[in-house]
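Next comes input-v6.cif, a file with mmCIF, C-alpha atoms.
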```cif
data_protein
#
loop_
_atom_site.group_PDB
_atom_site.id
_atom_site.type_symbol
_atom_site.label_atom_id
_atom_site.label_comp_id
_atom_site.auth_asym_id
_atom_site.auth_seq_id
_atom_site.Cartn_x
_atom_site.Cartn_y
_atom_site.Cartn_z
ATOM 1 C CA MET A 1 100.025 110.308 97.995
ATOM 2 C CA ASN A 2 96.484 111.214 98.927
ATOM 3 C CA ASP A 3 95.192 112.915 102.030
ATOM 4 C CA ILE A 4 92.471 110.577 103.292
ATOM 5 C CA PRO A 5 89.398 111.857 105.131
ATOM 6 C CA ASN A 6 89.184 110.788 108.763
ATOM 7 C CA ALA A 7 86.187 108.455 108.668
ATOM 8 C CA GLN A 8 85.420 107.120 112.136
ATOM 9 C CA ALA A 9 82.803 105.254 114.070
ATOM 10 C CA PRO A 10 80.812 107.097 116.736
ATOM 11 C CA GLY A 11 82.742 107.395 119.979
ATOM 12 C CA MET A 12 86.142 106.621 118.394
ATOM 13 C CA ALA A 13 89.048 109.049 118.721
ATOM 14 C CA ARG A 14 89.787 111.002 115.559
ATOM 15 C CA GLU A 15 92.932 109.803 113.764
ATOM 16 C CA PRO A 16 95.594 112.393 112.834
ATOM 17 C CA SER A 17 95.265 113.614 109.238
ATOM 18 C CA ILE A 18 97.984 113.008 106.647
ATOM 19 C CA GLY A 19 98.740 116.728 106.820
ATOM 20 C CA ALA A 20 99.218 116.628 110.580
ATOM 21 C CA LEU A 21 101.476 113.566 110.331
ATOM 22 C CA ILE A 22 103.628 115.118 107.607
ATOM 23 C CA SER A 23 103.878 118.385 109.521
ATOM 24 C CA GLN A 24 105.000 116.520 112.621
ATOM 25 C CA THR A 25 107.507 114.328 110.748
ATOM 26 C CA ARG A 26 109.100 117.246 108.883
ATOM 27 C CA ASN A 27 108.655 119.706 111.773
ATOM 28 C CA LEU A 28 106.940 122.222 109.484
ATOM 29 C CA SER A 29 106.401 125.718 110.807
ATOM 30 C CA ALA A 30 102.956 127.330 110.897
ATOM 31 C CA GLU A 31 103.996 129.535 107.977
ATOM 32 C CA GLN A 32 105.045 126.511 105.893
ATOM 33 C CA VAL A 33 101.778 124.730 106.660
ATOM 34 C CA GLU A 34 99.852 127.805 105.520
ATOM 35 C CA GLN A 35 101.867 127.859 102.280
ATOM 36 C CA VAL A 36 101.021 124.202 101.661
ATOM 37 C CA LEU A 37 97.328 124.775 102.386
ATOM 38 C CA ALA A 38 97.196 127.778 100.061
ATOM 39 C CA TYR A 39 98.942 125.830 97.284
ATOM 40 C CA GLN A 40 96.597 122.901 97.943
ATOM 41 C CA ARG A 41 93.482 125.094 97.543
ATOM 42 C CA GLN A 42 94.845 126.926 94.507
ATOM 43 C CA HIS A 43 95.678 123.787 92.533
ATOM 44 C CA GLY A 44 93.084 121.376 93.910
ATOM 45 C CA LEU A 45 95.689 118.994 95.342
ATOM 46 C CA ARG A 46 95.979 116.794 98.396
ATOM 47 C CA PHE A 47 98.105 118.105 101.264
ATOM 48 C CA GLY A 48 100.817 115.525 100.670
ATOM 49 C CA ASP A 49 101.098 116.257 96.939
ATOM 50 C CA ALA A 50 101.253 120.007 97.618
ATOM 51 C CA ALA A 51 103.947 119.575 100.298
ATOM 52 C CA VAL A 52 106.080 117.476 97.925
ATOM 53 C CA LEU A 53 105.743 119.976 95.060
ATOM 54 C CA LEU A 54 106.739 122.856 97.359
ATOM 55 C CA GLY A 55 109.785 120.913 98.575
ATOM 56 C CA PHE A 56 108.568 120.721 102.188
ATOM 57 C CA ALA A 57 108.266 116.912 102.163
ATOM 58 C CA SER A 58 109.411 113.899 100.180
ATOM 59 C CA THR A 59 107.398 111.109 98.624
ATOM 60 C CA ASP A 60 108.718 108.820 101.367
ATOM 61 C CA ASP A 61 107.352 111.222 104.009
ATOM 62 C CA VAL A 62 103.891 110.970 102.474
ATOM 63 C CA LEU A 63 104.047 107.172 102.258
ATOM 64 C CA PHE A 64 105.261 107.005 105.865
ATOM 65 C CA ALA A 65 102.324 109.181 106.960
ATOM 66 C CA LEU A 66 99.890 106.930 105.088
ATOM 67 C CA ALA A 67 101.433 103.883 106.765
ATOM 68 C CA GLN A 68 101.008 105.494 110.184
ATOM 69 C CA GLN A 69 97.372 106.318 109.493
ATOM 70 C CA PHE A 70 96.677 102.738 108.423
ATOM 71 C CA GLN A 71 98.697 101.415 111.409
ATOM 72 C CA TYR A 72 101.132 99.668 109.033
ATOM 73 C CA PRO A 73 104.590 99.332 110.639
ATOM 74 C CA VAL A 74 107.417 100.851 108.599
ATOM 75 C CA ALA A 75 110.814 102.298 109.469
ATOM 76 C CA SER A 76 110.714 105.871 110.689
ATOM 77 C CA ASN A 77 113.088 108.372 109.113
ATOM 78 C CA THR A 78 113.899 109.578 112.622
ATOM 79 C CA GLY A 79 114.277 106.151 114.234
ATOM 80 C CA PRO A 80 117.395 104.038 114.788
ATOM 81 C CA THR A 81 119.489 103.077 111.778
ATOM 82 C CA LEU A 82 118.298 99.742 110.436
ATOM 83 C CA SER A 83 120.157 97.150 108.454
ATOM 84 C CA PRO A 84 119.685 97.912 104.737
ATOM 85 C CA GLU A 85 118.655 94.271 104.375
ATOM 86 C CA LEU A 86 115.339 94.972 106.163
ATOM 87 C CA VAL A 87 113.647 96.115 102.970
ATOM 88 C CA SER A 88 110.149 95.270 104.248
ATOM 89 C CA LEU A 89 110.616 98.009 106.881
ATOM 90 C CA GLY A 90 112.984 100.443 105.190
ATOM 91 C CA GLN A 91 111.464 100.276 101.688
ATOM 92 C CA PRO A 92 107.933 99.010 102.409
ATOM 93 C CA PHE A 93 106.465 100.157 99.094
ATOM 94 C CA GLY A 94 109.267 98.875 96.851
ATOM 95 C CA ALA A 95 109.357 95.856 94.558
ATOM 96 C CA GLN A 96 111.254 93.646 97.039
ATOM 97 C CA ALA A 97 108.777 94.315 99.864
ATOM 98 C CA GLU A 98 105.910 93.562 97.492
ATOM 99 C CA ALA A 99 107.595 90.261 96.589
ATOM 100 C CA PHE A 100 107.759 89.358 100.294
ATOM 101 C CA ARG A 101 104.058 90.150 100.699
ATOM 102 C CA ALA A 102 103.250 87.889 97.734
ATOM 103 C CA THR A 103 105.395 85.113 99.222
ATOM 104 C CA ARG A 104 103.681 85.622 102.592
ATOM 105 C CA SER A 105 100.264 85.114 101.009
ATOM 106 C CA GLN A 106 101.296 81.907 99.242
ATOM 107 C CA LEU A 107 102.930 80.418 102.336
ATOM 108 C CA LEU A 108 100.018 81.273 104.641
ATOM 109 C CA MET A 109 97.557 79.526 102.310
ATOM 110 C CA ARG A 110 99.653 76.375 102.570
ATOM 111 C CA LEU A 111 100.586 76.694 106.238
ATOM 112 C CA GLN A 112 97.206 77.507 107.765
ATOM 113 C CA GLN A 113 95.110 74.589 106.598
ATOM 114 C CA GLN A 114 91.751 74.067 108.241
ATOM 115 C CA GLY A 115 91.683 71.238 110.753
ATOM 116 C CA ARG A 116 95.482 71.070 111.189
ATOM 117 C CA GLU A 117 97.365 71.943 114.339
ATOM 118 C CA PRO A 118 99.455 75.129 114.267
ATOM 119 C CA ARG A 119 102.887 74.654 112.719
ATOM 120 C CA ALA A 120 106.060 76.685 112.717
ATOM 121 C CA LEU A 121 107.818 77.376 109.414
ATOM 122 C CA ALA A 122 111.521 76.546 109.041
ATOM 123 C CA VAL A 123 113.492 78.173 106.223
ATOM 124 C CA VAL A 124 116.151 75.811 104.833
ATOM 125 C CA SER A 125 118.713 76.067 102.047
ATOM 126 C CA PRO A 126 121.673 74.036 100.740
ATOM 127 C CA GLU A 127 124.618 76.395 101.222
ATOM 128 C CA PRO A 128 125.791 79.358 103.304
ATOM 129 C CA GLY A 129 125.161 82.637 101.508
ATOM 130 C CA ASP A 130 121.808 81.609 100.051
ATOM 131 C CA GLY A 131 120.123 84.462 101.946
ATOM 132 C CA LYS A 132 118.111 82.647 104.639
ATOM 133 C CA SER A 133 118.618 85.335 107.284
ATOM 134 C CA PHE A 134 117.645 88.101 104.833
ATOM 135 C CA PHE A 135 114.592 86.121 103.736
ATOM 136 C CA CYS A 136 113.522 85.207 107.284
ATOM 137 C CA ALA A 137 113.877 88.742 108.626
ATOM 138 C CA ASN A 138 111.827 90.316 105.854
ATOM 139 C CA LEU A 139 109.188 87.584 105.814
ATOM 140 C CA ALA A 140 108.821 87.996 109.590
ATOM 141 C CA VAL A 141 108.276 91.743 109.130
ATOM 142 C CA ALA A 142 105.703 91.066 106.400
ATOM 143 C CA LEU A 143 103.847 88.632 108.674
ATOM 144 C CA ALA A 144 103.884 91.109 111.568
ATOM 145 C CA GLN A 145 102.495 93.820 109.288
ATOM 146 C CA LEU A 146 99.309 91.753 109.101
ATOM 147 C CA GLY A 147 98.859 92.475 112.815
ATOM 148 C CA GLY A 148 99.284 88.958 114.218
ATOM 149 C CA ARG A 149 101.908 88.275 116.886
ATOM 150 C CA THR A 150 104.948 87.024 114.972
ATOM 151 C CA LEU A 151 108.032 85.357 116.424
ATOM 152 C CA LEU A 152 111.280 84.953 114.485
ATOM 153 C CA ILE A 153 113.560 82.314 116.006
ATOM 154 C CA ASP A 154 117.218 82.362 115.040
ATOM 155 C CA ALA A 155 118.143 78.681 115.207
ATOM 156 C CA ASP A 156 121.256 79.090 113.071
ATOM 157 C CA MET A 157 123.605 78.429 115.957
ATOM 158 C CA ARG A 158 126.544 78.103 113.562
ATOM 159 C CA HIS A 159 126.383 81.551 111.893
ATOM 160 C CA PRO A 160 123.645 83.633 113.608
ATOM 161 C CA ARG A 161 122.690 86.995 112.100
ATOM 162 C CA GLN A 162 119.229 88.019 113.310
ATOM 163 C CA HIS A 163 120.628 89.814 116.381
ATOM 164 C CA GLN A 164 122.611 92.022 113.976
ATOM 165 C CA LEU A 165 119.748 92.680 111.558
ATOM 166 C CA PHE A 166 117.395 93.744 114.376
ATOM 167 C CA LEU A 167 119.987 95.680 116.410
ATOM 168 C CA LEU A 168 119.797 93.441 119.468
ATOM 169 C CA GLU A 169 123.527 93.590 120.176
ATOM 170 C CA GLY A 170 123.296 97.028 121.761
ATOM 171 C CA GLN A 171 120.831 95.843 124.423
ATOM 172 C CA GLY A 172 123.414 94.233 126.672
ATOM 173 C CA ARG A 173 124.372 90.574 126.719
ATOM 174 C CA CYS A 174 122.064 88.885 124.258
ATOM 175 C CA GLU A 175 120.806 85.592 125.688
ATOM 176 C CA GLY A 176 118.672 83.461 123.425
ATOM 177 C CA LEU A 177 117.690 80.055 122.112
ATOM 178 C CA ALA A 178 120.942 78.277 122.940
ATOM 179 C CA ASP A 179 120.797 79.553 126.512
ATOM 180 C CA VAL A 180 117.166 78.392 126.852
ATOM 181 C CA LEU A 181 117.915 74.892 125.530
ATOM 182 C CA SER A 182 120.979 74.548 127.768
ATOM 183 C CA GLY A 183 119.033 75.702 130.834
ATOM 184 C CA ARG A 184 121.114 78.839 131.358
ATOM 185 C CA ALA A 185 118.725 81.573 130.180
ATOM 186 C CA GLY A 186 117.284 84.287 132.359
ATOM 187 C CA GLN A 187 114.178 86.346 131.722
ATOM 188 C CA GLY A 188 113.477 88.409 128.620
ATOM 189 C CA VAL A 189 115.219 86.301 125.976
ATOM 190 C CA ILE A 190 112.454 87.122 123.476
ATOM 191 C CA ARG A 191 112.890 90.709 122.277
ATOM 192 C CA GLN A 192 110.212 92.952 120.791
ATOM 193 C CA VAL A 193 111.327 94.801 117.660
ATOM 194 C CA GLU A 194 111.208 98.563 118.095
ATOM 195 C CA GLY A 195 108.608 100.170 115.857
ATOM 196 C CA VAL A 196 106.863 96.881 115.023
ATOM 197 C CA PRO A 197 104.649 96.087 118.043
ATOM 198 C CA SER A 198 103.640 92.611 116.851
ATOM 199 C CA LEU A 199 107.143 91.381 115.890
ATOM 200 C CA PHE A 200 109.390 89.521 118.327
ATOM 201 C CA VAL A 201 112.822 87.899 117.901
ATOM 202 C CA LEU A 202 114.386 85.025 119.823
ATOM 203 C CA PRO A 203 118.105 85.311 118.950
ATOM 204 C CA VAL A 204 120.636 82.501 119.181
ATOM 205 C CA GLY A 205 122.287 83.957 122.249
ATOM 206 C CA THR A 206 125.540 82.306 123.341
ATOM 207 C CA PRO A 207 126.863 80.242 120.385
ATOM 208 C CA PRO A 208 127.097 76.619 121.620
ATOM 209 C CA PRO A 209 129.725 73.992 120.742
ATOM 210 C CA ASN A 210 126.978 71.388 120.128
ATOM 211 C CA PRO A 211 124.186 72.995 118.050
ATOM 212 C CA LEU A 212 122.853 69.758 116.560
ATOM 213 C CA GLU A 213 122.517 68.085 119.961
ATOM 214 C CA LEU A 214 120.611 71.069 121.336
ATOM 215 C CA VAL A 215 117.904 70.980 118.640
ATOM 216 C CA GLU A 216 117.672 67.182 118.879
ATOM 217 C CA ARG A 217 116.726 67.361 122.557
ATOM 218 C CA PRO A 218 113.020 67.025 123.465
ATOM 219 C CA ALA A 219 113.243 70.484 125.050
ATOM 220 C CA PHE A 220 113.343 72.099 121.609
ATOM 221 C CA GLY A 221 110.105 70.451 120.527
ATOM 222 C CA LEU A 222 108.441 71.360 123.821
ATOM 223 C CA LEU A 223 109.612 74.958 123.466
ATOM 224 C CA LEU A 224 108.151 75.208 119.956
ATOM 225 C CA ARG A 225 104.843 73.781 121.130
ATOM 226 C CA ASP A 226 104.661 76.405 123.874
ATOM 227 C CA LEU A 227 105.580 79.243 121.511
ATOM 228 C CA LEU A 228 102.991 78.169 118.927
ATOM 229 C CA GLY A 229 100.365 78.667 121.619
ATOM 230 C CA ARG A 230 101.590 82.201 122.321
ATOM 231 C CA PHE A 231 102.199 83.525 118.791
ATOM 232 C CA ASP A 232 100.162 83.613 115.599
ATOM 233 C CA HIS A 233 103.205 82.997 113.386
ATOM 234 C CA VAL A 234 106.499 81.298 114.258
ATOM 235 C CA LEU A 235 109.314 81.476 111.704
ATOM 236 C CA ILE A 236 112.688 79.744 112.133
ATOM 237 C CA ASP A 237 116.052 80.642 110.568
ATOM 238 C CA THR A 238 118.252 77.537 110.183
ATOM 239 C CA PRO A 239 121.881 76.725 109.289
ATOM 240 C CA ALA A 240 122.798 75.717 105.745
ATOM 241 C CA ALA A 241 122.263 72.007 105.072
ATOM 242 C CA SER A 242 125.898 71.610 103.981
ATOM 243 C CA LEU A 243 127.016 72.452 107.544
ATOM 244 C CA GLY A 244 125.155 69.623 109.250
ATOM 245 C CA SER A 245 121.759 68.050 109.876
ATOM 246 C CA ASP A 246 120.473 70.895 112.050
ATOM 247 C CA SER A 247 118.040 72.263 109.465
ATOM 248 C CA ILE A 248 116.408 68.870 108.847
ATOM 249 C CA VAL A 249 115.939 68.286 112.588
ATOM 250 C CA ILE A 250 114.605 71.812 113.111
ATOM 251 C CA ALA A 251 112.153 71.466 110.211
ATOM 252 C CA ALA A 252 110.890 68.165 111.601
ATOM 253 C CA ARG A 253 110.183 69.862 114.933
ATOM 254 C CA ALA A 254 108.548 72.824 113.170
ATOM 255 C CA GLY A 255 106.245 70.726 110.991
ATOM 256 C CA ALA A 256 106.677 72.772 107.803
ATOM 257 C CA ALA A 257 109.549 74.098 105.719
ATOM 258 C CA VAL A 258 110.240 76.305 102.729
ATOM 259 C CA VAL A 259 113.373 75.715 100.645
ATOM 260 C CA LEU A 260 115.372 78.778 99.631
ATOM 261 C CA ALA A 261 117.659 78.743 96.587
ATOM 262 C CA ARG A 262 119.865 81.563 95.291
ATOM 263 C CA ARG A 263 119.584 82.503 91.657
ATOM 264 C CA HIS A 264 122.734 81.779 89.583
ATOM 265 C CA GLN A 265 124.406 80.245 92.651
ATOM 266 C CA SER A 266 122.517 77.241 94.051
ATOM 267 C CA ARG A 267 123.446 73.932 92.445
ATOM 268 C CA MET A 268 120.624 71.660 91.284
ATOM 269 C CA ALA A 269 122.308 68.594 92.793
ATOM 270 C CA ALA A 270 122.502 70.257 96.209
ATOM 271 C CA LEU A 271 118.834 71.274 95.996
ATOM 272 C CA GLN A 272 117.796 67.753 95.029
ATOM 273 C CA ASP A 273 119.786 66.306 97.922
ATOM 274 C CA LEU A 274 118.159 68.740 100.348
ATOM 275 C CA VAL A 275 114.632 68.030 99.154
ATOM 276 C CA GLY A 276 115.385 64.294 99.145
ATOM 277 C CA SER A 277 116.462 64.461 102.783
ATOM 278 C CA PHE A 278 112.841 65.296 103.673
ATOM 279 C CA SER A 279 111.506 62.032 102.234
ATOM 280 C CA HIS A 280 111.232 60.459 105.691
ATOM 281 C CA SER A 281 110.666 63.685 107.629
ATOM 282 C CA PRO A 282 107.351 64.663 109.224
ATOM 283 C CA ALA A 283 107.925 68.191 107.904
ATOM 284 C CA GLU A 284 105.959 69.266 104.841
ATOM 285 C CA ILE A 285 107.832 71.269 102.203
ATOM 286 C CA LEU A 286 105.515 74.133 101.287
ATOM 287 C CA GLY A 287 107.510 75.315 98.295
ATOM 288 C CA VAL A 288 110.805 76.528 96.863
ATOM 289 C CA VAL A 289 111.654 80.251 96.766
ATOM 290 C CA ILE A 290 114.307 81.699 94.447
ATOM 291 C CA ASN A 291 116.294 84.497 96.078
ATOM 292 C CA GLU A 292 117.435 87.148 93.613
ATOM 293 C CA HIS A 293 118.830 89.515 96.283
#
```

Could you spell out this file's structure in structure tokens?
Amino acid sequence: MNDIPNAQAPGMAREPSIGALISQTRNLSAEQVEQVLAYQRQHGLRFGDAAVLLGFASTDDVLFALAQQFQYPVASNTGPTLSPELVSLGQPFGAQAEAFRATRSQLLMRLQQQGREPRALAVVSPEPGDGKSFFCANLAVALAQLGGRTLLIDADMRHPRQHQLFLLEGQGRCEGLADVLSGRAGQGVIRQVEGVPSLFVLPVGTPPPNPLELVERPAFGLLLRDLLGRFDHVLIDTPAASLGSDSIVIAARAGAAVVLARRHQSRMAALQDLVGSFSHSPAEILGVVINEH
């Protein structure tokens, strides 16, 4: 909650101060700003702390201003309503978002090995309801917050959810992966997420009657190869393993996978079967994550 001096290199434009950002966010009047400044001088506080104590701003306003100054994408209080599941955007300084950042660090160390070709990361789990879509969406946000171009592919063509989490339904007919693989897609199937300039989503699009056959086609592997050349991170949401072999095929095309299990719900036998199914797969399992959400 500190107001940070505007250090800058010669010739660079001066960044807005925390005070200016808070004033803009809360639409403070000139009189209110003067009250904050006077209280700040009197008590030796930062602008943000003084504004909170006077009731002109909230702690979240100050954190949002800090995020803006550090160019760290978070959800704006004045922006469109987001799914409450997007905790990495809506609650970027909470315990869950911090857990996603820790998971991001561990996965990147395993995924980006020197001398290896770029790989996509498929998220797999045994059963529906394990939280793959929640995990994928928030991990994708965490990756994009690093600044690299991040693509989240919804390849769960049985129960897709990413178009709902990222509010893509209101943008007209939502074409996506299934339309690309069936040769029926137009332009603009990859959508940029509003407020997160480096995050993109490729939704499922039109749910197909033959999801397994679509991901088994060579076109899916060729598409992934092309996308890996255009994005720094490619993350893939997959169907539950109990619904078919889609996730195993998708992971093989991706080259790497992380297994997601739900605390107090996932059965050990189902997890062992899922991990065992990778014994002859070219995909490397990078780890197992326990979802407590």

- Message: With all atoms listed in the file as the counted atoms, please give the residues lying no more than 10 Å from A:Asp232, apart from itself and same-chain residues fewer than 2 positions off, as a PyMOL selection string.
- Response: chain A and resi 118-120+143-144+147-151+198+227-230+234

Save the residues we just selected, C-alpha atoms, as a JSON list (two decimals), keeping the file's coordinate frame?
```
[["chain", "number", "residue", "atom", "x", "y", "z"],
["A", 118, "PRO", "CA", 99.46, 75.13, 114.27],
["A", 119, "ARG", "CA", 102.89, 74.65, 112.72],
["A", 120, "ALA", "CA", 106.06, 76.68, 112.72],
["A", 143, "LEU", "CA", 103.85, 88.63, 108.67],
["A", 144, "ALA", "CA", 103.88, 91.11, 111.57],
["A", 147, "GLY", "CA", 98.86, 92.48, 112.82],
["A", 148, "GLY", "CA", 99.28, 88.96, 114.22],
["A", 149, "ARG", "CA", 101.91, 88.28, 116.89],
["A", 150, "THR", "CA", 104.95, 87.02, 114.97],
["A", 151, "LEU", "CA", 108.03, 85.36, 116.42],
["A", 198, "SER", "CA", 103.64, 92.61, 116.85],
["A", 227, "LEU", "CA", 105.58, 79.24, 121.51],
["A", 228, "LEU", "CA", 102.99, 78.17, 118.93],
["A", 229, "GLY", "CA", 100.36, 78.67, 121.62],
["A", 230, "ARG", "CA", 101.59, 82.20, 122.32],
["A", 234, "VAL", "CA", 106.50, 81.30, 114.26]]
```

- Message: My list of candidates is A:Ile190, A:Val275, A:Ala241, A:Val196. Which is closest to A:Gln145 when distances are computed with all atoms listed in the file?
- Response: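 Among the listed residues, the smallest separation from A:Gln145 belongs to A:Val196.
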
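The shortest atom-to-atom distance to A:Pro128, with all atoms listed in the file taken into account, belongs to A:Thr238 out of A:Gln24, A:Thr238, A:Ser279, A:Ser17.
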
- Query: Pick the closest to A:His233 from A:Ala252, A:Ser245, A:Gln162, A:Val141: which is it, counting all atoms listed in the file?
  - Reply: A:Val141

- Message: Quick check on the file I pasted: which residues fall under the PyMOL selection byres ((chain A and resi 207-219) around 12)? Write them as an MDAnalysis selection string.
- Response: chainID A and resid 154:161 174:184 203:206 220:226 238:239 241 243:254

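Our summary of the geometry notes that atom CA of A:Ser88 is positioned 9.1 Å from atom CA of A:Ala140.
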